[in-house]
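A.B. asks: The following file, data-v9.cif, comprises mmCIF, C-alpha atoms and all ligand atoms:
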```
data_final
#
loop_
_atom_site.label_atom_id
_atom_site.label_comp_id
_atom_site.auth_asym_id
_atom_site.auth_seq_id
_atom_site.Cartn_x
_atom_site.Cartn_y
_atom_site.Cartn_z
CA MET T 1 56.95 4.58 35.27
CA PRO T 2 55.62 1.05 34.72
CA SER T 3 53.73 0.77 31.45
CA LYS T 4 50.02 0.13 31.86
CA LYS T 5 49.29 -3.39 30.61
CA LYS T 6 46.39 -3.46 28.13
CA SER T 7 43.48 -5.75 28.94
CA SER T 8 42.98 -8.46 26.31
CA THR T 9 39.76 -6.79 25.13
CA GLU T 10 41.62 -3.53 24.53
CA SER T 11 44.45 -5.18 22.68
CA LYS T 12 42.11 -7.15 20.42
CA SER T 13 40.01 -4.09 19.73
CA SER T 14 42.77 -1.58 19.25
CA ASN T 15 42.93 -2.16 15.54
CA ILE T 16 39.57 -3.08 14.10
CA LYS T 17 39.94 -2.81 10.35
CA SER T 18 37.16 -5.07 9.22
CA PHE T 19 33.86 -6.49 10.38
CA ALA T 20 31.16 -8.88 9.21
CA VAL T 21 27.40 -8.54 9.50
CA LEU T 22 24.84 -11.34 9.69
CA CYS T 23 21.12 -11.86 10.32
CA SER T 24 20.00 -14.64 12.64
CA GLY T 25 16.66 -16.17 13.68
CA GLY T 26 13.36 -15.18 12.07
CA ASP T 27 13.65 -12.51 9.37
CA SER T 28 11.87 -9.20 9.82
CA PRO T 29 10.99 -6.34 7.48
CA GLY T 30 13.61 -3.63 7.83
CA MET T 31 16.60 -5.96 8.18
CA ASN T 32 17.71 -4.80 4.72
CA CYS T 33 17.66 -1.19 5.96
CA VAL T 34 19.96 -2.23 8.80
CA ILE T 35 22.32 -4.08 6.45
CA ARG T 36 22.48 -1.09 4.07
CA SER T 37 23.21 1.24 6.94
CA VAL T 38 25.85 -0.99 8.53
CA VAL T 39 27.64 -1.51 5.21
CA ARG T 40 27.62 2.13 4.14
CA THR T 41 28.50 3.51 7.59
CA GLY T 42 31.31 0.95 7.74
CA ILE T 43 32.67 2.06 4.35
CA HIS T 44 32.35 5.70 5.44
CA HIS T 45 34.61 4.96 8.42
CA GLY T 46 37.14 3.04 6.31
CA PHE T 47 36.29 -0.52 7.43
CA LYS T 48 36.43 -3.53 5.14
CA VAL T 49 32.89 -4.91 5.35
CA PHE T 50 31.82 -8.52 4.90
CA GLY T 51 28.36 -10.06 4.71
CA VAL T 52 27.66 -13.51 6.11
CA GLN T 53 25.00 -15.38 4.17
CA ARG T 54 22.46 -17.54 6.16
CA GLY T 55 23.28 -16.44 9.72
CA TYR T 56 25.46 -18.42 12.12
CA ALA T 57 25.03 -21.54 9.94
CA GLY T 58 26.53 -19.64 7.00
CA LEU T 59 29.34 -18.35 9.20
CA LEU T 60 30.24 -21.92 10.13
CA SER T 61 30.33 -22.97 6.49
CA GLY T 62 32.42 -19.93 5.54
CA ASN T 63 29.62 -18.39 3.44
CA ILE T 64 31.14 -14.93 3.74
CA HIS T 65 31.64 -12.30 1.05
CA LYS T 66 32.94 -8.77 0.75
CA MET T 67 30.32 -6.04 0.52
CA ASP T 68 30.49 -2.58 -1.04
CA ALA T 69 28.18 0.41 -1.37
CA SER T 70 26.50 -1.00 -4.48
CA SER T 71 25.86 -4.43 -2.97
CA VAL T 72 23.28 -2.76 -0.71
CA GLY T 73 21.77 -0.47 -3.37
CA ASN T 74 18.01 -0.48 -3.90
CA ILE T 75 17.20 -2.71 -0.91
CA LEU T 76 15.65 -0.22 1.56
CA GLN T 77 12.16 -1.02 0.33
CA LYS T 78 12.57 -4.81 0.20
CA GLY T 79 11.21 -7.23 2.80
CA GLY T 80 13.22 -10.23 4.04
CA THR T 81 16.99 -10.02 4.20
CA ILE T 82 19.43 -10.09 1.28
CA LEU T 83 21.86 -11.89 3.63
CA GLN T 84 19.25 -14.57 4.38
CA THR T 85 19.00 -16.04 7.85
CA SER T 86 18.77 -19.31 9.79
CA ARG T 87 18.09 -20.74 13.21
CA CYS T 88 21.35 -22.44 14.17
CA LYS T 89 21.10 -24.76 17.18
CA GLU T 90 24.78 -25.75 16.90
CA PHE T 91 25.77 -22.21 17.88
CA LEU T 92 24.54 -23.01 21.42
CA GLN T 93 27.73 -25.06 21.81
CA LYS T 94 30.97 -23.52 22.93
CA GLU T 95 33.12 -25.58 20.53
CA THR T 96 31.00 -24.41 17.59
CA ARG T 97 31.41 -20.78 18.61
CA ARG T 98 35.17 -21.26 18.83
CA GLU T 99 35.14 -22.75 15.34
CA ALA T 100 33.22 -19.68 14.11
CA PHE T 101 35.85 -17.44 15.72
CA HIS T 102 38.65 -19.27 13.91
CA ILE T 103 36.84 -18.93 10.59
CA LEU T 104 36.55 -15.16 11.15
CA GLN T 105 40.23 -14.99 12.12
CA ARG T 106 41.29 -16.87 9.00
CA LYS T 107 39.31 -14.40 6.88
CA LYS T 108 40.92 -11.51 8.79
CA ILE T 109 37.58 -10.28 10.11
CA ASP T 110 38.07 -8.35 13.35
CA ALA T 111 34.48 -7.88 14.60
CA LEU T 112 30.91 -9.09 14.14
CA ILE T 113 27.56 -7.31 13.98
CA VAL T 114 24.55 -9.55 14.60
CA ILE T 115 20.98 -8.58 13.69
CA GLY T 116 18.44 -10.82 15.43
CA GLY T 117 16.38 -11.75 18.46
CA ASN T 118 17.18 -12.73 22.05
CA GLY T 119 18.76 -16.12 21.24
CA SER T 120 20.90 -14.68 18.46
CA LEU T 121 22.18 -11.83 20.60
CA LYS T 122 22.93 -14.25 23.43
CA GLY T 123 25.00 -16.31 20.98
CA ALA T 124 26.98 -13.19 20.07
CA PHE T 125 27.50 -12.38 23.76
CA HIS T 126 28.91 -15.85 24.50
CA LEU T 127 31.13 -15.62 21.44
CA HIS T 128 32.57 -12.38 22.79
CA ARG T 129 33.03 -13.72 26.32
CA GLU T 130 34.86 -16.82 25.12
CA THR T 131 37.05 -15.27 22.42
CA LEU T 132 37.03 -11.49 23.14
CA LEU T 133 35.86 -10.92 19.56
CA PRO T 134 34.26 -7.44 19.42
CA VAL T 135 30.51 -7.94 18.86
CA ILE T 136 27.58 -5.56 18.47
CA GLY T 137 23.90 -6.59 18.50
CA ILE T 138 20.99 -4.98 16.69
CA PRO T 139 17.46 -6.07 17.70
CA GLY T 140 15.60 -7.56 14.75
CA SER T 141 12.34 -9.46 15.27
CA ILE T 142 8.69 -8.85 14.46
CA ASP T 143 7.82 -10.01 18.00
CA ASN T 144 9.19 -6.89 19.77
CA ASP T 145 10.22 -9.02 22.74
CA ILE T 146 13.96 -8.35 22.86
CA SER T 147 15.14 -7.60 26.35
CA GLY T 148 16.64 -4.18 27.02
CA THR T 149 14.92 -2.39 24.12
CA SER T 150 11.36 -1.22 23.65
CA TYR T 151 11.63 -1.58 19.86
CA SER T 152 12.92 -4.26 17.52
CA ILE T 153 13.15 -3.92 13.74
CA GLY T 154 10.14 -5.33 11.90
CA PHE T 155 7.47 -4.89 14.57
CA ASP T 156 5.76 -1.88 13.02
CA THR T 157 5.55 -3.49 9.57
CA ALA T 158 4.24 -6.78 10.98
CA VAL T 159 1.58 -4.92 12.99
CA GLN T 160 0.56 -2.92 9.91
CA THR T 161 0.30 -6.10 7.81
CA ALA T 162 -1.91 -7.74 10.44
CA ILE T 163 -4.06 -4.60 10.77
CA ASP T 164 -4.63 -4.53 6.99
CA ALA T 165 -5.71 -8.18 7.12
CA VAL T 166 -8.03 -7.72 10.11
CA ASP T 167 -9.65 -4.66 8.49
CA LYS T 168 -10.51 -6.85 5.49
CA ILE T 169 -11.82 -9.59 7.74
CA ARG T 170 -13.95 -6.98 9.52
CA ASP T 171 -15.59 -6.10 6.17
CA THR T 172 -16.79 -9.62 5.52
CA ALA T 173 -17.55 -10.28 9.20
CA THR T 174 -19.87 -7.25 9.23
CA SER T 175 -21.57 -8.25 5.97
CA HIS T 176 -22.33 -11.71 7.36
CA GLU T 177 -22.75 -10.71 11.05
CA ARG T 178 -20.04 -13.13 12.10
CA THR T 179 -17.48 -13.61 14.82
CA PHE T 180 -13.88 -14.09 13.66
CA ILE T 181 -10.92 -15.35 15.63
CA VAL T 182 -7.73 -13.98 14.07
CA GLU T 183 -4.41 -15.47 15.16
CA VAL T 184 -1.29 -13.34 14.93
CA MET T 185 2.41 -14.19 15.42
CA GLY T 186 4.48 -13.72 18.57
CA ARG T 187 5.96 -16.89 20.00
CA LYS T 188 6.62 -15.60 23.49
CA SER T 189 5.20 -12.16 23.15
CA PRO T 190 1.69 -10.68 23.14
CA ALA T 191 2.97 -7.40 21.63
CA ILE T 192 1.63 -7.88 18.08
CA ALA T 193 -1.72 -9.16 19.40
CA LEU T 194 -2.18 -6.19 21.75
CA TYR T 195 -1.31 -3.55 19.15
CA VAL T 196 -3.43 -5.17 16.48
CA GLY T 197 -6.29 -5.57 18.95
CA VAL T 198 -6.31 -1.88 19.86
CA CYS T 199 -5.87 -0.70 16.26
CA THR T 200 -8.66 -2.87 14.84
CA GLY T 201 -11.18 -2.41 17.67
CA ALA T 202 -11.09 -6.10 18.60
CA GLU T 203 -13.50 -7.29 21.26
CA ASN T 204 -10.82 -9.22 23.18
CA VAL T 205 -7.26 -10.57 22.95
CA VAL T 206 -6.19 -14.07 24.02
CA PHE T 207 -2.56 -14.65 25.04
CA SER T 208 -2.33 -18.26 26.10
CA GLU T 209 -4.40 -21.31 26.88
CA LYS T 210 -3.66 -20.79 30.58
CA THR T 211 -5.23 -17.34 30.68
CA LEU T 212 -8.02 -18.16 28.21
CA ASN T 213 -11.30 -17.12 29.84
CA ILE T 214 -14.01 -18.29 27.46
CA LYS T 215 -16.86 -16.88 29.55
CA GLU T 216 -15.33 -13.42 29.43
CA ILE T 217 -14.87 -13.67 25.66
CA TYR T 218 -18.47 -14.79 25.27
CA ASN T 219 -19.65 -11.88 27.44
CA ASP T 220 -17.68 -9.42 25.27
CA ILE T 221 -19.21 -10.84 22.09
CA LYS T 222 -22.73 -10.95 23.58
CA ARG T 223 -22.54 -7.40 24.90
CA GLY T 224 -21.64 -6.18 21.41
CA ILE T 225 -24.46 -8.11 19.77
CA ASP T 226 -26.94 -6.79 22.37
CA ARG T 227 -26.04 -3.22 21.56
CA GLY T 228 -26.38 -3.82 17.81
CA LYS T 229 -22.81 -4.59 16.74
CA SER T 230 -22.77 -6.57 13.52
CA SER T 231 -19.41 -8.32 13.94
CA SER T 232 -16.90 -9.41 16.57
CA ILE T 233 -13.16 -9.93 16.27
CA ILE T 234 -11.08 -11.82 18.82
CA ILE T 235 -7.29 -11.62 18.37
CA VAL T 236 -5.23 -14.59 19.53
CA ALA T 237 -1.45 -14.48 20.11
CA GLU T 238 -0.06 -17.74 18.72
CA GLY T 239 2.14 -18.52 21.76
CA GLU T 240 4.48 -21.52 21.68
CA LYS T 241 2.76 -23.09 18.68
CA PRO T 242 0.10 -21.90 16.25
CA GLY T 243 -3.47 -23.21 16.61
CA LEU T 244 -4.84 -21.82 19.92
CA SER T 245 -7.58 -20.18 17.84
CA TYR T 246 -9.15 -23.57 17.18
CA GLU T 247 -9.46 -24.15 20.93
CA VAL T 248 -11.22 -20.79 21.34
CA GLN T 249 -13.50 -21.68 18.40
CA LYS T 250 -14.31 -25.11 19.91
CA ARG T 251 -15.16 -23.70 23.35
CA LEU T 252 -17.32 -20.90 21.94
CA LYS T 253 -19.31 -23.51 20.04
CA GLN T 254 -19.53 -26.08 22.84
CA ASN T 255 -20.36 -23.68 25.66
CA TYR T 256 -22.28 -20.91 23.92
CA GLN T 257 -23.30 -22.22 20.47
CA ILE T 258 -21.39 -19.42 18.73
CA ASP T 259 -20.08 -20.31 15.26
CA ALA T 260 -16.83 -18.41 14.95
CA HIS T 261 -14.49 -18.49 11.94
CA VAL T 262 -10.74 -18.85 12.36
CA CYS T 263 -8.10 -17.04 10.31
CA ILE T 264 -4.41 -17.65 11.09
CA LEU T 265 -2.31 -14.91 9.53
CA GLY T 266 1.03 -16.72 9.93
CA HIS T 267 4.15 -15.85 7.96
CA ILE T 268 2.47 -13.16 5.89
CA GLN T 269 3.35 -10.96 8.89
CA ARG T 270 7.08 -11.53 8.37
CA GLY T 271 7.21 -10.23 4.81
CA GLY T 272 6.53 -7.09 2.85
CA LYS T 273 7.90 -3.60 2.39
CA PRO T 274 9.14 -2.09 5.66
CA THR T 275 7.18 0.88 6.98
CA SER T 276 8.82 4.29 7.47
CA ILE T 277 9.41 3.45 11.14
CA ASP T 278 11.31 0.26 10.30
CA ARG T 279 13.27 2.01 7.54
CA PHE T 280 14.23 4.88 9.82
CA MET T 281 14.95 2.78 12.91
CA GLY T 282 16.87 0.23 10.82
CA SER T 283 19.00 2.98 9.28
CA LYS T 284 19.67 4.59 12.64
CA MET T 285 20.43 1.37 14.52
CA GLY T 286 22.86 0.22 11.82
CA TYR T 287 24.64 3.57 11.90
CA LEU T 288 24.92 3.51 15.71
CA ALA T 289 26.22 -0.07 15.70
CA VAL T 290 29.18 0.88 13.48
CA LYS T 291 29.75 4.08 15.44
CA ALA T 292 30.09 1.92 18.58
CA LEU T 293 32.80 -0.09 16.81
CA THR T 294 34.71 3.07 15.88
CA GLU T 295 34.54 4.11 19.54
CA LYS T 296 35.63 0.61 20.60
CA LYS T 297 32.50 0.15 22.66
CA PHE T 298 31.52 -3.49 22.85
CA PRO T 299 29.89 -5.85 23.51
CA VAL T 300 26.82 -3.64 23.16
CA VAL T 301 23.29 -3.77 21.79
CA VAL T 302 21.65 -0.85 20.03
CA ALA T 303 18.43 -0.19 21.94
CA HIS T 304 15.49 2.19 21.75
CA ASN T 305 14.10 3.35 25.07
CA GLN T 306 12.05 6.38 26.13
CA GLY T 307 12.32 8.01 22.73
CA THR T 308 16.09 7.65 22.46
CA THR T 309 18.11 5.19 20.40
CA ASP T 310 21.53 4.44 21.86
CA ILE T 311 23.87 1.60 22.77
CA ILE T 312 23.56 -0.31 26.03
CA SER T 313 25.87 -2.99 27.37
CA MET T 314 25.05 -6.44 26.01
CA ASP T 315 25.18 -7.85 29.50
CA GLN T 316 22.54 -5.37 30.68
CA SER T 317 20.40 -5.99 27.60
CA ILE T 318 20.48 -9.77 27.81
CA ASN T 319 19.81 -9.89 31.53
CA SER T 320 17.05 -7.30 31.76
CA LYS T 321 13.55 -8.59 32.41
CA GLU T 322 10.61 -7.70 30.20
CA GLU T 323 7.67 -6.18 32.01
CA GLY T 324 4.29 -7.09 30.56
CA ASP T 325 2.24 -4.07 29.48
CA LEU T 326 -1.19 -4.69 30.94
CA THR T 327 -2.28 -1.09 30.42
CA THR T 328 -2.66 -1.83 26.68
CA LEU T 329 -5.11 -4.61 27.46
CA ASP T 330 -7.07 -2.25 29.68
CA LEU T 331 -7.08 0.32 26.86
CA LEU T 332 -8.49 -2.26 24.44
CA LYS T 333 -11.18 -3.44 26.85
CA THR T 334 -12.18 0.11 27.71
CA LEU T 335 -12.66 1.05 24.06
CA SER T 336 -14.32 -2.11 22.79
CA ILE T 337 -17.53 -1.92 24.89
O1 LIG U 401 10.53 -14.35 14.23
C1 LIG U 401 9.60 -14.49 15.23
C2 LIG U 401 8.54 -15.44 14.78
O2 LIG U 401 7.96 -14.95 13.60
C3 LIG U 401 7.47 -15.73 15.81
O3 LIG U 401 6.49 -14.75 15.88
C4 LIG U 401 6.97 -17.07 15.32
O4 LIG U 401 6.39 -17.77 16.35
C5 LIG U 401 8.22 -17.72 14.82
O5 LIG U 401 9.10 -16.69 14.48
C6 LIG U 401 8.02 -18.62 13.63
O6 LIG U 401 9.22 -19.25 13.39
P1 LIG U 401 9.69 -19.99 12.07
O7 LIG U 401 10.65 -19.10 11.41
O8 LIG U 401 10.34 -21.20 12.57
O9 LIG U 401 8.50 -20.26 11.24
#
```
Give the structure from this file in structure tokens form.
C.D. replies:
Amino acid sequence: MPSKKKSSTESKSSNIKSFAVLCSGGDSPGMNCVIRSVVRTGIHHGFKVFGVQRGYAGLLSGNIHKMDASSVGNILQKGGTILQTSRCKEFLQKETRREAFHILQRKKIDALIVIGGNGSLKGAFHLHRETLLPVIGIPGSIDNDISGTSYSIGFDTAVQTAIDAVDKIRDTATSHERTFIVEVMGRKSPAIALYVGVCTGAENVVFSEKTLNIKEIYNDIKRGIDRGKSSSIIIVAEGEKPGLSYEVQKRLKQNYQIDAHVCILGHIQRGGKPTSIDRFMGSKMGYLAVKALTEKKFPVVVAHNQGTTDIISMDQSINSKEEGDLTTLDLLKTLSI
């Protein structure tokens, strides 16, 4: 009987003895929980585990070290990432990815686990396609905009941080009978703004300059004042670049003589102790990522959908389209009358 020839992916994957883990893109609270889980699950299954410091940039400069169970001790409760992270434009180039592959080969690292957002996971996918290196992706971003998963690590903590801030702003806004415009993070995603808006009883949420309807915002503020409300909060999603709040402030003043105060929350939302959700999800996603390696399932992304956390193919994840959730906006508007 002719012997069945192994595909190149099978032959490369047949003997994974070691892997490296890195964080890429913006950090998010809970990344440390993922790292701890990946390292300890890896050790449990007998892998040699390496940590890459400073994301793809660190990989390219060979900033790679061996990790053991104690190197991830006492980090569950810490914000940021002990591996640090970076945004590495060079990794968009094929030659750079090949160089990264050779560095991993020289260090005898057989697979790579990447924790990060859409761009970072795409980088991992291309790396796999070009070199057949086994890769696994774990969604990590406060923006919760990673395709193929309804949850990404850090979102819950970022939302909670913003809610705490808006609650404090509400105190002073009420004391002074003021309108506040609070800008939250989310480069391409309104997710933080919508959640924070609902949870703080905001009067309206603004997503972009294009959809900014100043008359509607004024009407929402005015209706509140007319029924005796002593403060108004408008949440703005920062969009491509921070500062849209100042435009809303300017138009409220010019068109309706409303003096609104602006507060941009910024990077405070990226730090802090992860919430129980981010600790649990981070631990589970890290565990499932290593389990996928033991089962030789790659390239995959660990995703959370309809209450279940499981792996999905990286191709499917990267190419799935996000559907905007307009029902949350309707919920907010219904409750903020
Ligand atoms: O990580 C996502 C994010 O926090 C976005 O919400 C924000 O727009 C962006 O990163 C800020 O990026 P930087 O790390 O360059 O400040």
A.B. asks: Mind listing the residues within 8 Å of ligand LIG 401 (chain U), only C-alpha atoms and all ligand atoms counted, as a ChimeraX atom specification?
C.D. replies: /T:25-28,87,117,141-143,184-189,238-242,267,269-270
A.B. asks: Considering all atoms listed in the file, state which residue in the set T:Asp110, T:Glu295, T:Ile35, T:Glu99 is at the smallest distance from Phe47 in chain T.
C.D. replies: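 That would be T:Asp110, the residue with the smallest distance to Phe47 in chain T.
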A.B. asks: I need the residue nearest Arg40 in chain T from this list: T:Ser317, T:Gln249, T:Ser147, T:Ser283. Use all atoms listed in the file for the distance.
C.D. replies: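 Smallest distance to Arg40 in chain T is found for T:Ser283.
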A.B. asks: Would you list the contacts of Tyr256 in chain T as a ChimeraX atom specification, taking every protein, DNA or RNA residue within 8 Å and counting only C-alpha atoms, but skipping same-chain residues closer than 4 positions in sequence?
C.D. replies: /T:218,251-252
A.B. asks: Could you pull the residues within 9 Å of Ser71 in chain T, counting only C-alpha atoms, minus those fewer than 4 positions along the same chain, as a PyMOL selection string?
C.D. replies: chain T and resi 36+39+67
